[in-house]
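File shown: final-v3.cif (mmCIF, C-alpha atoms).
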```cif
data_model
loop_
_atom_site.group_PDB
_atom_site.id
_atom_site.type_symbol
_atom_site.label_atom_id
_atom_site.label_comp_id
_atom_site.auth_asym_id
_atom_site.auth_seq_id
_atom_site.Cartn_x
_atom_site.Cartn_y
_atom_site.Cartn_z
ATOM 1 C CA MET L 1 0.000 0.000 0.000
ATOM 2 C CA LEU L 2 1.415 3.380 -1.011
ATOM 3 C CA VAL L 3 1.021 6.263 1.378
ATOM 4 C CA PHE L 4 1.476 9.823 0.167
ATOM 5 C CA ARG L 5 2.393 12.471 2.657
ATOM 6 C CA ILE L 6 1.881 16.111 1.781
ATOM 7 C CA ASN L 7 3.919 18.712 3.586
ATOM 8 C CA PHE L 8 1.870 21.866 4.199
ATOM 9 C CA VAL L 9 4.843 23.914 5.376
ATOM 10 C CA ASP L 10 4.990 26.064 2.267
ATOM 11 C CA SER L 11 1.689 27.910 2.650
ATOM 12 C CA ASP L 12 2.748 30.361 -0.103
ATOM 13 C CA ILE L 13 1.916 27.754 -2.738
ATOM 14 C CA PHE L 14 -1.649 27.386 -1.486
ATOM 15 C CA ARG L 15 -2.075 31.134 -1.008
ATOM 16 C CA LYS L 16 -0.942 31.743 -4.598
ATOM 17 C CA MET L 17 -3.322 29.086 -5.897
ATOM 18 C CA SER L 18 -6.288 30.653 -4.084
ATOM 19 C CA GLU L 19 -5.332 34.139 -5.267
ATOM 20 C CA LYS L 20 -4.764 33.140 -8.893
ATOM 21 C CA TYR L 21 -8.436 33.464 -9.767
ATOM 22 C CA LYS L 22 -9.437 36.737 -8.148
ATOM 23 C CA PHE L 23 -10.350 40.212 -9.341
ATOM 24 C CA HIS L 24 -7.024 41.966 -8.702
ATOM 25 C CA ASP L 25 -7.211 45.032 -10.962
ATOM 26 C CA PRO L 26 -10.288 47.222 -10.297
ATOM 27 C CA GLU L 27 -9.961 48.639 -13.833
ATOM 28 C CA GLY L 28 -9.343 45.257 -15.466
ATOM 29 C CA ILE L 29 -11.474 43.387 -17.969
ATOM 30 C CA TYR L 30 -12.226 39.816 -16.895
ATOM 31 C CA PHE L 31 -13.479 36.598 -18.406
ATOM 32 C CA VAL L 32 -15.708 34.858 -15.831
ATOM 33 C CA THR L 33 -17.668 31.631 -15.729
ATOM 34 C CA THR L 34 -20.417 30.955 -13.217
ATOM 35 C CA THR L 35 -21.620 27.348 -13.093
ATOM 36 C CA VAL L 36 -24.683 25.658 -11.591
ATOM 37 C CA VAL L 37 -23.909 23.044 -8.909
ATOM 38 C CA HIS L 38 -23.499 19.492 -10.251
ATOM 39 C CA TRP L 39 -23.481 21.052 -13.754
ATOM 40 C CA ILE L 40 -27.294 20.817 -13.733
ATOM 41 C CA ASP L 41 -28.865 21.979 -17.017
ATOM 42 C CA LEU L 42 -31.025 24.518 -15.210
ATOM 43 C CA PHE L 43 -31.199 27.144 -17.962
ATOM 44 C CA SER L 44 -33.141 25.025 -20.396
ATOM 45 C CA ARG L 45 -36.234 27.066 -19.525
ATOM 46 C CA PRO L 46 -36.586 30.738 -20.557
ATOM 47 C CA GLU L 47 -37.976 31.724 -17.125
ATOM 48 C CA TYR L 48 -34.659 30.925 -15.434
ATOM 49 C CA LYS L 49 -32.626 32.591 -18.177
ATOM 50 C CA HIS L 50 -34.699 35.748 -17.723
ATOM 51 C CA VAL L 51 -33.911 35.730 -13.992
ATOM 52 C CA LEU L 52 -30.256 36.076 -15.033
ATOM 53 C CA ILE L 53 -30.976 38.690 -17.702
ATOM 54 C CA ASN L 54 -33.024 40.856 -15.304
ATOM 55 C CA SER L 55 -30.434 40.586 -12.559
ATOM 56 C CA LEU L 56 -27.605 41.504 -14.934
ATOM 57 C CA LYS L 57 -29.618 44.518 -16.145
ATOM 58 C CA TYR L 58 -30.003 45.622 -12.533
ATOM 59 C CA CYS L 59 -26.257 45.215 -11.949
ATOM 60 C CA GLN L 60 -25.587 47.302 -15.041
ATOM 61 C CA GLU L 61 -27.962 50.085 -13.971
ATOM 62 C CA LYS L 62 -27.236 50.205 -10.226
ATOM 63 C CA LYS L 63 -23.813 48.678 -9.612
ATOM 64 C CA GLY L 64 -21.761 49.797 -12.606
ATOM 65 C CA LEU L 65 -21.367 46.384 -14.231
ATOM 66 C CA ILE L 66 -20.127 46.637 -17.807
ATOM 67 C CA ILE L 67 -20.792 43.606 -19.989
ATOM 68 C CA HIS L 68 -18.558 43.254 -23.038
ATOM 69 C CA ALA L 69 -19.714 39.763 -24.045
ATOM 70 C CA TYR L 70 -21.907 37.017 -22.564
ATOM 71 C CA CYS L 71 -23.601 33.717 -23.247
ATOM 72 C CA ILE L 72 -26.066 31.849 -21.043
ATOM 73 C CA MET L 73 -25.640 28.103 -21.522
ATOM 74 C CA PRO L 74 -27.825 25.380 -19.939
ATOM 75 C CA SER L 75 -25.518 24.836 -16.941
ATOM 76 C CA HIS L 76 -23.397 27.999 -16.824
ATOM 77 C CA ILE L 77 -22.913 31.570 -17.932
ATOM 78 C CA HIS L 78 -19.765 33.006 -19.556
ATOM 79 C CA MET L 79 -19.125 36.752 -19.511
ATOM 80 C CA ILE L 80 -16.447 39.303 -20.239
ATOM 81 C CA ILE L 81 -17.000 42.097 -17.738
ATOM 82 C CA SER L 82 -15.555 45.202 -16.130
ATOM 83 C CA THR L 83 -16.934 47.862 -13.798
ATOM 84 C CA ASN L 84 -17.108 51.629 -13.394
ATOM 85 C CA LYS L 85 -18.516 51.591 -9.864
ATOM 86 C CA ASP L 86 -18.796 48.637 -7.444
ATOM 87 C CA PRO L 87 -15.975 46.047 -7.293
ATOM 88 C CA LEU L 88 -16.529 43.058 -9.568
ATOM 89 C CA SER L 89 -16.152 40.641 -6.654
ATOM 90 C CA SER L 90 -19.084 42.346 -4.872
ATOM 91 C CA ILE L 91 -21.195 42.496 -8.012
ATOM 92 C CA MET L 92 -20.711 38.802 -8.742
ATOM 93 C CA ARG L 93 -21.349 37.826 -5.107
ATOM 94 C CA ASP L 94 -24.614 39.804 -5.019
ATOM 95 C CA PHE L 95 -25.637 38.543 -8.473
ATOM 96 C CA LYS L 96 -25.250 34.915 -7.393
ATOM 97 C CA LYS L 97 -27.080 35.433 -4.089
ATOM 98 C CA HIS L 98 -29.980 37.263 -5.712
ATOM 99 C CA THR L 99 -30.380 34.878 -8.659
ATOM 100 C CA SER L 100 -30.224 31.861 -6.335
ATOM 101 C CA ARG L 101 -33.223 33.141 -4.367
ATOM 102 C CA LYS L 102 -35.143 34.144 -7.510
ATOM 103 C CA ILE L 103 -34.506 30.818 -9.246
ATOM 104 C CA ILE L 104 -35.758 28.835 -6.240
ATOM 105 C CA LYS L 105 -38.920 30.983 -6.275
ATOM 106 C CA GLU L 106 -39.356 30.432 -10.030
ATOM 107 C CA ILE L 107 -39.018 26.671 -9.609
ATOM 108 C CA GLY L 108 -41.995 26.821 -7.230
ATOM 109 C CA ARG L 109 -43.958 29.278 -9.381
ATOM 110 C CA ILE L 110 -43.856 27.714 -12.839
ATOM 111 C CA ASN L 111 -45.024 24.279 -13.939
ATOM 112 C CA GLU L 112 -41.607 22.659 -13.453
ATOM 113 C CA SER L 113 -41.611 18.902 -14.103
ATOM 114 C CA ARG L 114 -38.142 18.621 -12.530
ATOM 115 C CA LYS L 115 -39.102 20.568 -9.392
ATOM 116 C CA GLU L 116 -38.395 17.896 -6.754
ATOM 117 C CA TRP L 117 -35.231 16.718 -8.490
ATOM 118 C CA LEU L 118 -33.849 20.271 -8.821
ATOM 119 C CA LEU L 119 -34.625 21.228 -5.231
ATOM 120 C CA ARG L 120 -33.120 17.970 -3.966
ATOM 121 C CA GLY L 121 -29.916 18.657 -5.923
ATOM 122 C CA PHE L 122 -29.665 22.246 -4.675
ATOM 123 C CA SER L 123 -30.445 21.163 -1.112
ATOM 124 C CA LYS L 124 -27.792 18.453 -1.184
ATOM 125 C CA ALA L 125 -25.203 20.934 -2.498
ATOM 126 C CA GLY L 126 -25.905 23.277 0.435
ATOM 127 C CA ASP L 127 -26.203 20.601 3.149
ATOM 128 C CA ARG L 128 -22.855 21.014 4.885
ATOM 129 C CA LEU L 129 -22.362 24.724 4.385
ATOM 130 C CA LYS L 130 -23.145 27.014 7.299
ATOM 131 C CA ARG L 131 -23.475 30.061 5.039
ATOM 132 C CA ILE L 132 -26.242 28.378 3.007
ATOM 133 C CA SER L 133 -29.662 28.380 4.658
ATOM 134 C CA LYS L 134 -31.258 25.752 2.413
ATOM 135 C CA TYR L 135 -30.350 25.686 -1.270
ATOM 136 C CA LYS L 136 -27.085 26.186 -3.143
ATOM 137 C CA VAL L 137 -27.621 26.934 -6.834
ATOM 138 C CA TRP L 138 -24.164 28.124 -7.931
ATOM 139 C CA GLN L 139 -20.761 26.528 -7.556
ATOM 140 C CA ASP L 140 -18.280 28.591 -5.552
ATOM 141 C CA GLY L 141 -16.134 31.092 -7.428
ATOM 142 C CA ASN L 142 -16.297 32.724 -10.848
ATOM 143 C CA HIS L 143 -12.861 31.707 -12.115
ATOM 144 C CA PRO L 144 -11.984 35.296 -13.190
ATOM 145 C CA ILE L 145 -9.181 35.598 -15.737
ATOM 146 C CA GLU L 146 -7.900 39.073 -16.538
ATOM 147 C CA LEU L 147 -7.727 39.729 -20.276
ATOM 148 C CA GLU L 148 -4.536 41.658 -20.850
ATOM 149 C CA SER L 149 -4.039 41.323 -24.609
ATOM 150 C CA ASN L 150 -6.244 41.871 -27.659
ATOM 151 C CA ARG L 151 -5.483 38.370 -28.930
ATOM 152 C CA PHE L 152 -6.602 36.757 -25.666
ATOM 153 C CA LEU L 153 -9.695 38.968 -25.588
ATOM 154 C CA GLU L 154 -10.684 38.014 -29.142
ATOM 155 C CA GLU L 155 -10.119 34.318 -28.360
ATOM 156 C CA LYS L 156 -12.451 34.511 -25.362
ATOM 157 C CA ILE L 157 -15.158 36.417 -27.264
ATOM 158 C CA ASP L 158 -15.072 33.771 -30.020
ATOM 159 C CA TYR L 159 -15.131 31.000 -27.413
ATOM 160 C CA ILE L 160 -18.153 32.533 -25.639
ATOM 161 C CA HIS L 161 -20.121 33.113 -28.835
ATOM 162 C CA ASN L 162 -19.367 29.667 -30.273
ATOM 163 C CA ASN L 163 -20.519 27.804 -27.142
ATOM 164 C CA PRO L 164 -24.126 27.279 -28.381
ATOM 165 C CA VAL L 165 -22.812 26.122 -31.781
ATOM 166 C CA GLU L 166 -20.431 23.620 -30.159
ATOM 167 C CA ALA L 167 -23.330 22.380 -28.001
ATOM 168 C CA GLU L 168 -25.446 21.960 -31.185
ATOM 169 C CA ILE L 169 -28.127 24.341 -29.915
ATOM 170 C CA VAL L 170 -27.905 26.614 -32.998
ATOM 171 C CA ASP L 171 -26.147 26.611 -36.382
ATOM 172 C CA GLU L 172 -24.735 30.123 -36.105
ATOM 173 C CA PRO L 173 -23.706 32.137 -33.010
ATOM 174 C CA ALA L 174 -26.014 35.063 -33.875
ATOM 175 C CA PHE L 175 -29.064 32.758 -33.915
ATOM 176 C CA TYR L 176 -28.797 32.245 -30.152
ATOM 177 C CA TRP L 177 -30.990 34.681 -28.206
ATOM 178 C CA TYR L 178 -29.103 34.561 -24.911
ATOM 179 C CA SER L 179 -25.751 35.762 -26.183
ATOM 180 C CA SER L 180 -24.004 38.944 -27.264
ATOM 181 C CA ALA L 181 -23.128 37.330 -30.627
ATOM 182 C CA ARG L 182 -26.254 39.035 -31.998
ATOM 183 C CA ASP L 183 -24.796 42.426 -31.057
ATOM 184 C CA TYR L 184 -21.308 41.649 -32.364
ATOM 185 C CA GLU L 185 -22.586 40.435 -35.730
ATOM 186 C CA GLY L 186 -24.980 43.377 -36.042
ATOM 187 C CA VAL L 187 -27.929 41.075 -36.713
ATOM 188 C CA LYS L 188 -30.140 42.448 -33.955
ATOM 189 C CA LYS L 189 -29.718 44.028 -30.550
ATOM 190 C CA GLY L 190 -29.413 41.403 -27.852
ATOM 191 C CA LEU L 191 -31.202 41.202 -24.513
ATOM 192 C CA LEU L 192 -28.475 43.079 -22.612
ATOM 193 C CA ASP L 193 -26.581 46.290 -23.315
ATOM 194 C CA VAL L 194 -23.093 45.379 -24.468
ATOM 195 C CA VAL L 195 -20.079 47.692 -24.477
ATOM 196 C CA PHE L 196 -17.727 46.805 -27.314
ATOM 197 C CA ILE L 197 -14.037 46.948 -26.548
ATOM 198 C CA GLU L 198 -12.112 49.308 -28.845
#
```

Written form, structure tokens:
Amino acid sequence: MLVFRINFVDSDIFRKMSEKYKFHDPEGIYFVTTTVVHWIDLFSRPEYKHVLINSLKYCQEKKGLIIHAYCIMPSHIHMIISTNKDPLSSIMRDFKKHTSRKIIKEIGRINESRKEWLLRGFSKAGDRLKRISKYKVWQDGNHPIELESNRFLEEKIDYIHNNPVEAEIVDEPAFYWYSSARDYEGVKKGLLDVVFIE
């Protein structure tokens, strides 16, 4: 039997790992991904997607959130964001808290065939966490990556917009309603205000 012993003396390694994915530059532009617990395909219904859209609109109007690109997928949302007011870490924290509560309410309000299964999954995810009163909808963290070059920025925009094509939801990125691809391709204004990066 092999036994592996890990020496935790060098706490710098673990500190650096935990700090790698944080919003360090208040004026930075970040690629973020927010994922539903257990990778549940929650956003297959428009009602839940509109909870996200309405909350992001509020964050834009009241908290200074600037959205440069986005795409709501069935189990996660990708965005490229910055801010001109509140810190991004606060905005994302409040966004996740608010949408969690609203989504749980929507599950009870609409005719949701997966209601018991969804609530059981969210309840199980929040079971051992003191900070969660009953349900945990989102995985911890947003995995923010600062976009410091035009090449990296363009790569991430293409990646975000091609997600629904890769998932075989639509043929072309601009055909997907819940994405900024519509804005970028000039087909039609999308559901959220998008600030293009010059």

With a distance cut-off of 6 Å and only C-alpha atoms, select the neighbouring residues of L:Tyr70, excluding the residue or stretch itself and same-chain residues fewer than 4 positions from it, and output the selection as a PDB file with C-alpha atoms, in the coordinates of the input.
```pdb
ATOM      1  CA  HIS L  78     -19.765  33.006 -19.556  1.00  0.00           C
ATOM      2  CA  MET L  79     -19.125  36.752 -19.511  1.00  0.00           C
ATOM      3  CA  SER L 179     -25.751  35.762 -26.183  1.00  0.00           C
ATOM      4  CA  SER L 180     -24.004  38.944 -27.264  1.00  0.00           C
TER       5      SER L 180
END
```

Between atom CA of L:Glu47 and atom CA of L:Ile29 lies a distance of 29.0 Å

Quick check, in Å to one decimal: how far apart do atom CA of L:His68 and atom CA of L:Ile197 lie?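 Interatomic distance, atom CA of L:His68 to atom CA of L:Ile197: 6.8 Å.
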
L:Thr35 environment, 8 Å, all atoms listed in the file, sequence neighbours closer than 6 positions dropped, as number ranges by chain: L: 75-77, 138-139, 142

How would the residues just chosen look if you wrote them out with C-alpha atoms as a tab-separated table (two decimals), keeping the file's coordinate frame?
```tsv
chain	number	residue	atom	x	y	z
L	75	SER	CA	-25.52	24.84	-16.94
L	76	HIS	CA	-23.40	28.00	-16.82
L	77	ILE	CA	-22.91	31.57	-17.93
L	138	TRP	CA	-24.16	28.12	-7.93
L	139	GLN	CA	-20.76	26.53	-7.56
L	142	ASN	CA	-16.30	32.72	-10.85
```

Which of L:Glu146, L:Asp127, L:Asp140, L:Asp41 sits closest to L:Glu27 [using all atoms listed in the file]: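 Nearest to L:Glu27: L:Glu146.
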
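Take the candidates L:Tyr30, L:Phe175, L:Tyr58, L:Trp39 and check each one against L:Leu118 using all atoms listed in the file; the shortest distance goes to L:Trp39.
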
Counting only C-alpha atoms, the residue among L:Asp193, L:Glu155, L:Ser55, L:Val187 that lies closest to L:Glu172 is L:Val187

Run the PyMOL selection byres ((chain L and resi 157) around 12) on the file and write out the hits as number ranges by chain. L: 30-32, 67-71, 78-81, 147, 150-156, 158-163, 173, 179-181, 183-185, 196-197

Quick one: distance from atom CA of L:Phe23 to atom CA of L:Lys62 in Å, one decimal?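 Separating atom CA of L:Phe23 from atom CA of L:Lys62 is a distance of 19.6 Å.
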
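The residue that comes closest to L:Lys96, out of L:Glu168, L:Tyr176, L:Phe43, L:Cys59 and on the basis of all atoms listed in the file, is L:Cys59.
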
Nearest-residue call for L:Arg120, choices L:Glu106, L:Leu192, L:Arg45, L:Lys136, using all atoms listed in the file: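 Closest to L:Arg120 of all the choices is L:Lys136.
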
Exactly which residues make up the result of the PyMOL selection byres ((chain L and resi 101) around 12) on this file, given as a PyMOL selection string? chain L and resi 48+51-52+55+94-100+102-108+122+132-138

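Nearest-residue note for L:Leu191: choosing from L:Tyr178, L:Glu116, L:Ile66, L:Asp86, the minimum distance belongs to L:Tyr178, counting all atoms listed in the file.
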